[in-house]
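Just entry_1.cif here, mmCIF, C-alpha atoms and all ligand atoms:
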```
data_upload
#
loop_
_atom_site.label_atom_id
_atom_site.label_comp_id
_atom_site.auth_asym_id
_atom_site.auth_seq_id
_atom_site.Cartn_x
_atom_site.Cartn_y
_atom_site.Cartn_z
CA MET Z 1 27.78 -17.61 28.07
CA ALA Z 2 26.99 -20.71 26.01
CA SER Z 3 30.25 -22.51 25.22
CA SER Z 4 29.29 -24.90 22.40
CA ASN Z 5 29.39 -24.00 18.72
CA PRO Z 6 26.64 -21.73 17.47
CA VAL Z 7 23.60 -23.23 15.79
CA HIS Z 8 23.35 -21.96 12.21
CA VAL Z 9 19.74 -21.21 11.33
CA ALA Z 10 18.18 -20.31 7.97
CA VAL Z 11 15.30 -17.86 8.49
CA GLY Z 12 12.80 -16.64 5.89
CA VAL Z 13 10.95 -13.33 5.83
CA ILE Z 14 8.04 -14.08 3.52
CA GLU Z 15 5.94 -11.17 2.29
CA ASP Z 16 2.58 -11.27 0.55
CA THR Z 17 1.61 -8.86 -2.22
CA ASP Z 18 0.35 -6.33 0.38
CA GLY Z 19 3.71 -6.37 2.18
CA ASN Z 20 2.43 -8.35 5.17
CA VAL Z 21 4.87 -10.77 6.77
CA PHE Z 22 4.28 -14.44 7.67
CA ILE Z 23 4.91 -15.29 11.32
CA SER Z 24 4.17 -18.33 13.46
CA LYS Z 25 4.27 -19.12 17.14
CA ARG Z 26 6.91 -21.54 18.41
CA HIS Z 27 5.66 -24.54 20.33
CA LYS Z 28 5.81 -24.04 24.08
CA ALA Z 29 8.27 -26.89 24.71
CA LEU Z 30 10.89 -25.67 22.20
CA HIS Z 31 13.86 -23.37 22.82
CA GLN Z 32 12.40 -19.83 22.90
CA GLY Z 33 8.96 -21.48 23.14
CA ASP Z 34 5.74 -19.47 22.93
CA LYS Z 35 7.58 -16.66 21.12
CA TRP Z 36 6.69 -15.72 17.55
CA GLU Z 37 9.18 -16.50 14.79
CA PHE Z 38 9.87 -16.31 11.11
CA PRO Z 39 9.86 -19.79 9.61
CA GLY Z 40 13.15 -21.62 9.29
CA GLY Z 41 15.43 -24.07 10.99
CA LYS Z 42 18.88 -25.48 11.39
CA VAL Z 43 21.25 -25.78 8.44
CA GLU Z 44 22.22 -29.44 8.14
CA ALA Z 45 25.70 -30.76 7.36
CA GLY Z 46 26.51 -30.54 3.66
CA GLU Z 47 23.70 -28.11 2.95
CA THR Z 48 24.01 -24.49 1.82
CA VAL Z 49 21.99 -21.90 3.77
CA TYR Z 50 19.81 -21.39 0.71
CA ASP Z 51 19.16 -25.16 0.48
CA ALA Z 52 18.19 -25.16 4.16
CA LEU Z 53 15.88 -22.20 3.65
CA VAL Z 54 14.11 -23.91 0.76
CA ARG Z 55 13.82 -27.22 2.67
CA GLU Z 56 12.60 -25.66 5.93
CA LEU Z 57 9.97 -23.50 4.20
CA ARG Z 58 8.80 -26.53 2.24
CA GLU Z 59 8.52 -28.55 5.48
CA GLU Z 60 7.03 -25.82 7.64
CA CYS Z 61 5.00 -23.64 5.26
CA ASN Z 62 4.17 -25.84 2.29
CA ILE Z 63 5.80 -23.51 -0.24
CA GLU Z 64 8.49 -23.86 -2.86
CA VAL Z 65 10.85 -20.88 -2.65
CA THR Z 66 11.95 -19.82 -6.14
CA ALA Z 67 13.81 -16.60 -5.28
CA ALA Z 68 15.26 -15.12 -2.10
CA SER Z 69 17.94 -12.59 -1.23
CA PRO Z 70 20.08 -12.25 1.90
CA LEU Z 71 18.70 -9.68 4.37
CA THR Z 72 21.01 -9.87 7.38
CA VAL Z 73 23.06 -12.19 9.60
CA ILE Z 74 22.58 -12.03 13.38
CA HIS Z 75 24.87 -13.55 16.01
CA HIS Z 76 23.15 -13.97 19.36
CA ASP Z 77 24.03 -15.60 22.68
CA TYR Z 78 21.01 -16.87 24.66
CA ASP Z 79 23.20 -18.14 27.56
CA ASP Z 80 21.82 -21.66 27.06
CA LYS Z 81 22.53 -21.56 23.32
CA ARG Z 82 24.31 -19.45 20.70
CA VAL Z 83 22.65 -18.93 17.33
CA VAL Z 84 23.58 -17.44 14.00
CA LEU Z 85 20.41 -16.39 12.20
CA ASP Z 86 20.97 -16.21 8.45
CA VAL Z 87 17.95 -14.17 7.41
CA TRP Z 88 16.62 -14.13 3.85
CA ARG Z 89 13.85 -12.16 2.23
CA VAL Z 90 11.75 -14.55 0.15
CA THR Z 91 10.83 -12.66 -2.99
CA ARG Z 92 9.10 -15.44 -4.94
CA PHE Z 93 7.45 -18.72 -4.07
CA THR Z 94 4.86 -21.11 -5.38
CA GLY Z 95 2.25 -23.09 -3.48
CA GLU Z 96 -0.49 -22.36 -0.97
CA ILE Z 97 1.18 -21.13 2.18
CA GLU Z 98 0.11 -22.56 5.54
CA GLN Z 99 1.78 -23.72 8.75
CA LYS Z 100 2.12 -27.51 8.49
CA GLU Z 101 3.37 -28.26 11.99
CA GLY Z 102 0.35 -27.17 14.01
CA GLN Z 103 1.76 -23.80 14.98
CA GLU Z 104 -0.51 -20.79 15.16
CA TRP Z 105 0.34 -18.48 12.24
CA LEU Z 106 -0.69 -15.19 10.64
CA TRP Z 107 0.20 -12.40 8.24
CA VAL Z 108 1.18 -9.19 9.99
CA ALA Z 109 1.85 -5.70 8.66
CA PRO Z 110 5.48 -4.76 9.37
CA TYR Z 111 4.51 -1.85 11.66
CA ALA Z 112 2.43 -4.28 13.79
CA LEU Z 113 5.31 -6.74 14.40
CA VAL Z 114 6.23 -4.82 17.57
CA ALA Z 115 3.04 -6.14 19.19
CA TYR Z 116 4.27 -9.77 19.02
CA PRO Z 117 6.90 -11.18 21.38
CA PHE Z 118 9.87 -12.48 19.34
CA PRO Z 119 13.10 -14.05 20.60
CA ALA Z 120 15.67 -11.39 21.52
CA ALA Z 121 17.83 -12.31 18.51
CA ASN Z 122 15.04 -11.16 16.18
CA GLN Z 123 15.10 -7.47 17.19
CA PRO Z 124 17.39 -6.38 14.30
CA ILE Z 125 15.01 -8.08 11.82
CA ILE Z 126 12.01 -6.29 13.30
CA ASP Z 127 13.94 -3.00 13.12
CA LEU Z 128 14.89 -3.59 9.47
CA LEU Z 129 11.28 -4.35 8.52
CA GLN Z 130 10.04 -1.12 10.16
CA GLN Z 131 12.17 0.99 7.81
N1 LIG P 201 13.13 -20.62 12.93
C1 LIG P 201 13.49 -19.62 13.70
N2 LIG P 201 14.37 -19.84 14.73
C2 LIG P 201 14.70 -18.78 15.48
C3 LIG P 201 14.17 -17.47 15.24
N3 LIG P 201 14.70 -16.63 16.17
C4 LIG P 201 15.51 -17.36 16.98
O1 LIG P 201 16.15 -16.95 17.93
N4 LIG P 201 15.51 -18.69 16.56
C5 LIG P 201 16.28 -19.75 17.21
C6 LIG P 201 15.42 -20.69 18.01
C7 LIG P 201 16.17 -21.99 17.91
O2 LIG P 201 17.14 -22.04 18.93
C8 LIG P 201 16.87 -21.91 16.55
C9 LIG P 201 16.13 -22.57 15.40
O3 LIG P 201 15.52 -23.68 15.79
P1 LIG P 201 14.31 -24.41 15.09
O4 LIG P 201 13.55 -25.00 16.20
O5 LIG P 201 13.55 -23.55 14.14
O6 LIG P 201 15.11 -25.48 14.26
P2 LIG P 201 14.50 -26.62 13.37
O7 LIG P 201 13.28 -26.10 12.67
O8 LIG P 201 15.65 -27.14 12.56
O9 LIG P 201 13.98 -27.64 14.44
P3 LIG P 201 14.42 -29.06 14.89
O10 LIG P 201 15.15 -29.72 13.76
O11 LIG P 201 15.27 -28.82 16.11
O12 LIG P 201 13.11 -29.67 15.24
O13 LIG P 201 16.96 -20.52 16.26
C10 LIG P 201 13.27 -17.26 14.18
O14 LIG P 201 12.77 -16.17 13.89
N5 LIG P 201 12.95 -18.37 13.44
MG MG P 202 11.97 -24.41 12.68
#
```
Kindly return the structure encoded in the file as structure tokens.
Ligand SMILES: Nc1nc2c([nH]c(=O)n2[C@H]2C[C@H](O)[C@@H](COP(=O)(O)OP(=O)(O)OP(=O)(O)O)O2)c(=O)[nH]1
Ligand SMILES: [Mg+2]
Amino acid sequence: MASSNPVHVAVGVIEDTDGNVFISKRHKALHQGDKWEFPGGKVEAGETVYDALVRELREECNIEVTAASPLTVIHHDYDDKRVVLDVWRVTRFTGEIEQKEGQEWLWVAPYALVAYPFPAANQPIIDLLQQ
């Protein structure tokens, strides 16, 4: 079991007008590399989770989030690392979405998410989006 404090992560589920979800592939060298993910990243000191969500999606996806609501919070122990995923559903944003950090990305229908390998911590999100 990982002994250090958990890493608090803001995660965004971004849907287009057809209900498809934005996913991208983590770089091979990163923790949980080569798995697919929802965009997001670590909450920095002095930042609210919402602030972190807005900043990460600006940095990673080139969008300005203007509305989002909490979806779920997941605590997961990867053995080498513990994470708390603070997952938000992004309901409004401006800007042309793209992946700015060279990661492969695509829009996927919720029912098709099961075909993409995600980190184990993501399973409850995938389950929620199937409903
Ligand atoms: N962004 C994101 N991270 C996830 C997901 N599922 C999951 O287990 N994680 C884990 C992997 C990492 O250990 C951690 C988030 O790390 P990150 O690499 O996105 O953090 P970051 O963008 O702040 O990156 P950096 O500052 O370390 O470069 O959460 C997910 O769907 N999205
Ligand atoms: Mg990230």
Checklist entry - Could you list, as a count of residues only, all the residues within 6 Å of ligand MG 202 (chain P), counting all atoms listed in the file? => result 3
Distance limit 10 Å, reference ligand LIG 201 (chain P), atoms considered: only C-alpha atoms and all ligand atoms. Which residues make the cut? Give them as a short mmCIF file (atom, residue, chain, number, x, y, z; two decimals) with C-alpha atoms, keeping the file's coordinate frame.
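Generated output (result13.cif):
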```cif
data_model
loop_
_atom_site.label_atom_id
_atom_site.label_comp_id
_atom_site.auth_asym_id
_atom_site.auth_seq_id
_atom_site.Cartn_x
_atom_site.Cartn_y
_atom_site.Cartn_z
CA PRO Z 6 26.64 -21.73 17.47
CA VAL Z 7 23.60 -23.23 15.79
CA HIS Z 8 23.35 -21.96 12.21
CA VAL Z 9 19.74 -21.21 11.33
CA ALA Z 10 18.18 -20.31 7.97
CA VAL Z 11 15.30 -17.86 8.49
CA GLY Z 12 12.80 -16.64 5.89
CA VAL Z 13 10.95 -13.33 5.83
CA ILE Z 23 4.91 -15.29 11.32
CA SER Z 24 4.17 -18.33 13.46
CA LYS Z 25 4.27 -19.12 17.14
CA ARG Z 26 6.91 -21.54 18.41
CA HIS Z 27 5.66 -24.54 20.33
CA LEU Z 30 10.89 -25.67 22.20
CA HIS Z 31 13.86 -23.37 22.82
CA GLN Z 32 12.40 -19.83 22.90
CA GLY Z 33 8.96 -21.48 23.14
CA LYS Z 35 7.58 -16.66 21.12
CA TRP Z 36 6.69 -15.72 17.55
CA GLU Z 37 9.18 -16.50 14.79
CA PHE Z 38 9.87 -16.31 11.11
CA PRO Z 39 9.86 -19.79 9.61
CA GLY Z 40 13.15 -21.62 9.29
CA GLY Z 41 15.43 -24.07 10.99
CA LYS Z 42 18.88 -25.48 11.39
CA VAL Z 43 21.25 -25.78 8.44
CA GLU Z 44 22.22 -29.44 8.14
CA ALA Z 52 18.19 -25.16 4.16
CA LEU Z 53 15.88 -22.20 3.65
CA GLU Z 56 12.60 -25.66 5.93
CA LEU Z 57 9.97 -23.50 4.20
CA GLU Z 59 8.52 -28.55 5.48
CA GLU Z 60 7.03 -25.82 7.64
CA ILE Z 74 22.58 -12.03 13.38
CA HIS Z 75 24.87 -13.55 16.01
CA HIS Z 76 23.15 -13.97 19.36
CA ASP Z 77 24.03 -15.60 22.68
CA TYR Z 78 21.01 -16.87 24.66
CA ASP Z 80 21.82 -21.66 27.06
CA LYS Z 81 22.53 -21.56 23.32
CA ARG Z 82 24.31 -19.45 20.70
CA VAL Z 83 22.65 -18.93 17.33
CA VAL Z 84 23.58 -17.44 14.00
CA LEU Z 85 20.41 -16.39 12.20
CA ASP Z 86 20.97 -16.21 8.45
CA VAL Z 87 17.95 -14.17 7.41
CA PHE Z 118 9.87 -12.48 19.34
CA PRO Z 119 13.10 -14.05 20.60
CA ALA Z 120 15.67 -11.39 21.52
CA ALA Z 121 17.83 -12.31 18.51
CA ASN Z 122 15.04 -11.16 16.18
CA GLN Z 123 15.10 -7.47 17.19
CA ILE Z 125 15.01 -8.08 11.82
CA ILE Z 126 12.01 -6.29 13.30
#
```
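With CA of Val108 in chain Z on one side and CA of Asp16 in chain Z on the other, the separation reads 9.8 Å.
Across the model, the gap from CA of Glu96 in chain Z to CA of Val49 in chain Z is 23.0 Å.
If all atoms listed in the file are the atoms counted, then among Z:Ala109, Z:Ala29, Z:Ile14, Z:Ala2 the closest residue to Glu64 in chain Z is Z:Ile14.
Taking CA of Pro110 in chain Z and CA of Val21 in chain Z as the two end points, the separation is 6.6 Å.
If you measure from each of Z:Leu129, Z:Arg55, Z:Phe93, Z:Glu47 to Ala68 in chain Z using only C-alpha atoms, the closest one turns out to be Z:Phe93.
You can rank Z:Gln130, Z:Lys100, Z:Ala67, Z:Thr94 by their closest distance to Val114 in chain Z using only C-alpha atoms, and at the top of that list sits Z:Gln130.
Distances to Ile97 in chain Z were evaluated for Z:Phe22, Z:Ser4, Z:Ala45, Z:Ile63 using all atoms listed in the file, and the minimum falls at Z:Ile63.
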Item to check | Option closest in space to Tyr50 in chain Z, from Z:Gln99, Z:Arg89, Z:Glu15, Z:Tyr111 [counting only C-alpha atoms] | outcome: Z:Arg89
